[in-house]
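This report concerns only the one structure given below.
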Amino acid sequence: MRKARKILSGILIGAVISSYTVPAMADNDIKVTLNGEEIIFDVKPQLINGRTMVPLRAIFEALGATVDWVQETKTVKSEKNGRRVALGIGKKLMSVNDEDVEIDTPAQIVDDRTLVPVRAI
């Protein structure tokens with residue numbers, strides 16, 4: 001009886017695992033929309049280390065924010081309606097109105113664009 005249960009359990013577990021599928025997403029399939037309009041990027045959003053990374057400038061400008069690059073510190077600074085954001089390349093802390101907010105993946109440069117985790121935006 002125990003052997004029959006083990007066999008039946010194995011068959012059921014195999015059936016559940018084989019019926020579960022994870023959709024595959026190519027890097028170029030990631031789309032970002034704002035108010036129903038797709039944002040077009042010169043560097044496409046992409047998956048990096050399991051995180052969806054998006055170009056910060058294009059999204060912030062689409063939101064109406066200013067965006068400045070400070071080469072000396074490799075920092076992006078943005079402002080809109082008195083809300084200030086600063087984010088350094090390779091850093092896991094983002095400053096929002098002078099308060100540090102931890103992000104799970106540091107910003108990085110890809111093809112001369114600053115990519116950040118979409119969660120940071």
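Quick note on naming: the chains in the structure tokens go A, B, ... in the order shown, residues restart at 1 in each chain, and ligands are numbered from 1 in order of appearance.
Per DSSP on the backbone, strand (DSSP E or B) in segment 26-84 of chain A comprises A:Thr33, A:Leu34, A:Glu37, A:Glu38, A:Gln46, A:Leu47, A:Ile48, A:Arg51, A:Thr52, A:Met53, A:Val54, A:Pro55, A:Thr66, A:Val67, A:Asp68, A:Trp69, A:Val70, A:Thr75, A:Val76, A:Lys77, A:Ser78, A:Glu79, A:Lys80, A:Arg83, A:Arg84.
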- Message: Set the distance at 10 Å and use only C-alpha atoms: which residues neighbour Pro55 of chain A once local chain neighbours fewer than 5 positions away are removed? I'd like the list as a PyMOL selection string.
- Response: chain A and resi 41-46+60+107-110+113-118
Generate a file of the selected residues that holds C-alpha atoms, formatted as an mmCIF file, in the first residue's frame.
```
data_model
loop_
_atom_site.group_PDB
_atom_site.id
_atom_site.type_symbol
_atom_site.label_atom_id
_atom_site.label_comp_id
_atom_site.auth_asym_id
_atom_site.auth_seq_id
_atom_site.Cartn_x
_atom_site.Cartn_y
_atom_site.Cartn_z
ATOM 1 C CA PHE A 41 13.369 54.182 -25.546
ATOM 2 C CA ASP A 42 16.659 54.486 -27.405
ATOM 3 C CA VAL A 43 17.980 51.760 -25.079
ATOM 4 C CA LYS A 44 15.345 49.098 -24.488
ATOM 5 C CA PRO A 45 14.263 48.006 -21.016
ATOM 6 C CA GLN A 46 15.845 44.691 -20.136
ATOM 7 C CA PHE A 60 11.169 60.875 -15.793
ATOM 8 C CA ALA A 107 21.567 51.706 -11.172
ATOM 9 C CA GLN A 108 23.904 50.961 -14.043
ATOM 10 C CA ILE A 109 24.934 52.416 -17.354
ATOM 11 C CA VAL A 110 24.033 50.504 -20.526
ATOM 12 C CA ARG A 113 21.903 55.372 -20.520
ATOM 13 C CA THR A 114 21.158 55.011 -16.814
ATOM 14 C CA LEU A 115 19.037 51.941 -16.195
ATOM 15 C CA VAL A 116 17.275 51.522 -12.865
ATOM 16 C CA PRO A 117 14.961 48.856 -11.480
ATOM 17 C CA VAL A 118 11.404 49.693 -12.474
#
```
I'd like a table as JSON lines: residues in segment 84-105 of chain A with an atom no more than 12 Å from segment 63-71 of chain A, each row giving the shortest atom pair and its distance in Å to one decimal, only C-alpha atoms counted, sorted by chain and rising residue number.
```
{"residue": "A:Arg84", "atom": "CA", "partner": "A:Ala65", "partner_atom": "CA", "distance": 9.5}
{"residue": "A:Val85", "atom": "CA", "partner": "A:Val67", "partner_atom": "CA", "distance": 9.3}
{"residue": "A:Ala86", "atom": "CA", "partner": "A:Asp68", "partner_atom": "CA", "distance": 9.5}
{"residue": "A:Leu87", "atom": "CA", "partner": "A:Trp69", "partner_atom": "CA", "distance": 9.9}
{"residue": "A:Gly88", "atom": "CA", "partner": "A:Val70", "partner_atom": "CA", "distance": 9.3}
{"residue": "A:Ile89", "atom": "CA", "partner": "A:Gln71", "partner_atom": "CA", "distance": 10.4}
```
- Message: For the helix (DSSP H, G or I) assignment from backbone DSSP, which residues of segment 45-116 of chain A qualify? Please present them as a list in words.
- Response: Leu56, Arg57, Ala58, Ile59, Phe60, Glu61 and Ala62 of chain A
Export of the given selection (all heavy atoms) as an mmCIF file, in the first residue's frame:
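Contents of again_31.cif, freshly written:
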```
data_model
loop_
_atom_site.group_PDB
_atom_site.id
_atom_site.type_symbol
_atom_site.label_atom_id
_atom_site.label_comp_id
_atom_site.auth_asym_id
_atom_site.auth_seq_id
_atom_site.Cartn_x
_atom_site.Cartn_y
_atom_site.Cartn_z
ATOM 1 N N LEU A 56 15.994 55.555 -17.001
ATOM 2 C CA LEU A 56 15.394 56.525 -16.096
ATOM 3 C C LEU A 56 14.994 57.813 -16.813
ATOM 4 O O LEU A 56 13.888 58.315 -16.623
ATOM 5 C CB LEU A 56 16.392 56.842 -14.972
ATOM 6 C CG LEU A 56 15.932 57.846 -13.931
ATOM 7 C CD1 LEU A 56 16.319 57.372 -12.553
ATOM 8 C CD2 LEU A 56 16.559 59.198 -14.203
ATOM 9 N N ARG A 57 15.877 58.378 -17.638
ATOM 10 C CA ARG A 57 15.621 59.689 -18.242
ATOM 11 C C ARG A 57 14.314 59.718 -19.033
ATOM 12 O O ARG A 57 13.496 60.625 -18.863
ATOM 13 C CB ARG A 57 16.778 60.104 -19.146
ATOM 14 C CG ARG A 57 16.523 61.457 -19.842
ATOM 15 C CD ARG A 57 17.680 61.895 -20.706
ATOM 16 N NE ARG A 57 18.850 62.247 -19.937
ATOM 17 C CZ ARG A 57 19.077 63.433 -19.390
ATOM 18 N NH1 ARG A 57 18.169 64.391 -19.502
ATOM 19 N NH2 ARG A 57 20.175 63.674 -18.729
ATOM 20 N N ALA A 58 14.109 58.735 -19.885
ATOM 21 C CA ALA A 58 12.911 58.736 -20.736
ATOM 22 C C ALA A 58 11.633 58.725 -19.904
ATOM 23 O O ALA A 58 10.677 59.438 -20.215
ATOM 24 C CB ALA A 58 12.937 57.549 -21.686
ATOM 25 N N ILE A 59 11.626 57.947 -18.837
ATOM 26 C CA ILE A 59 10.424 57.870 -18.004
ATOM 27 C C ILE A 59 10.237 59.153 -17.204
ATOM 28 O O ILE A 59 9.143 59.714 -17.166
ATOM 29 C CB ILE A 59 10.471 56.643 -17.077
ATOM 30 C CG1 ILE A 59 10.427 55.361 -17.923
ATOM 31 C CG2 ILE A 59 9.321 56.672 -16.078
ATOM 32 C CD1 ILE A 59 10.603 54.096 -17.139
ATOM 33 N N PHE A 60 11.299 59.648 -16.586
ATOM 34 C CA PHE A 60 11.169 60.875 -15.793
ATOM 35 C C PHE A 60 10.764 62.053 -16.663
ATOM 36 O O PHE A 60 9.942 62.865 -16.266
ATOM 37 C CB PHE A 60 12.468 61.168 -15.048
ATOM 38 C CG PHE A 60 12.596 60.442 -13.727
ATOM 39 C CD1 PHE A 60 11.867 59.296 -13.453
ATOM 40 C CD2 PHE A 60 13.461 60.902 -12.761
ATOM 41 C CE1 PHE A 60 11.990 58.639 -12.244
ATOM 42 C CE2 PHE A 60 13.589 60.255 -11.543
ATOM 43 C CZ PHE A 60 12.856 59.122 -11.283
ATOM 44 N N GLU A 61 11.348 62.167 -17.866
ATOM 45 C CA GLU A 61 10.961 63.261 -18.754
ATOM 46 C C GLU A 61 9.510 63.116 -19.208
ATOM 47 O O GLU A 61 8.794 64.107 -19.324
ATOM 48 C CB GLU A 61 11.918 63.353 -19.939
ATOM 49 C CG GLU A 61 13.276 63.924 -19.532
ATOM 50 C CD GLU A 61 14.275 64.023 -20.666
ATOM 51 O OE1 GLU A 61 14.058 63.417 -21.748
ATOM 52 O OE2 GLU A 61 15.299 64.711 -20.476
ATOM 53 N N ALA A 62 9.067 61.881 -19.451
ATOM 54 C CA ALA A 62 7.659 61.662 -19.817
ATOM 55 C C ALA A 62 6.729 62.062 -18.676
ATOM 56 O O ALA A 62 5.589 62.474 -18.911
ATOM 57 C CB ALA A 62 7.431 60.198 -20.199
#
```
- Query: So how many Å separate atom CA of Asp112 of chain A and atom CA of Glu99 of chain A, to one decimal?
  - Reply: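 One can read the atom CA of Asp112 of chain A to atom CA of Glu99 of chain A distance as 27.1 Å.
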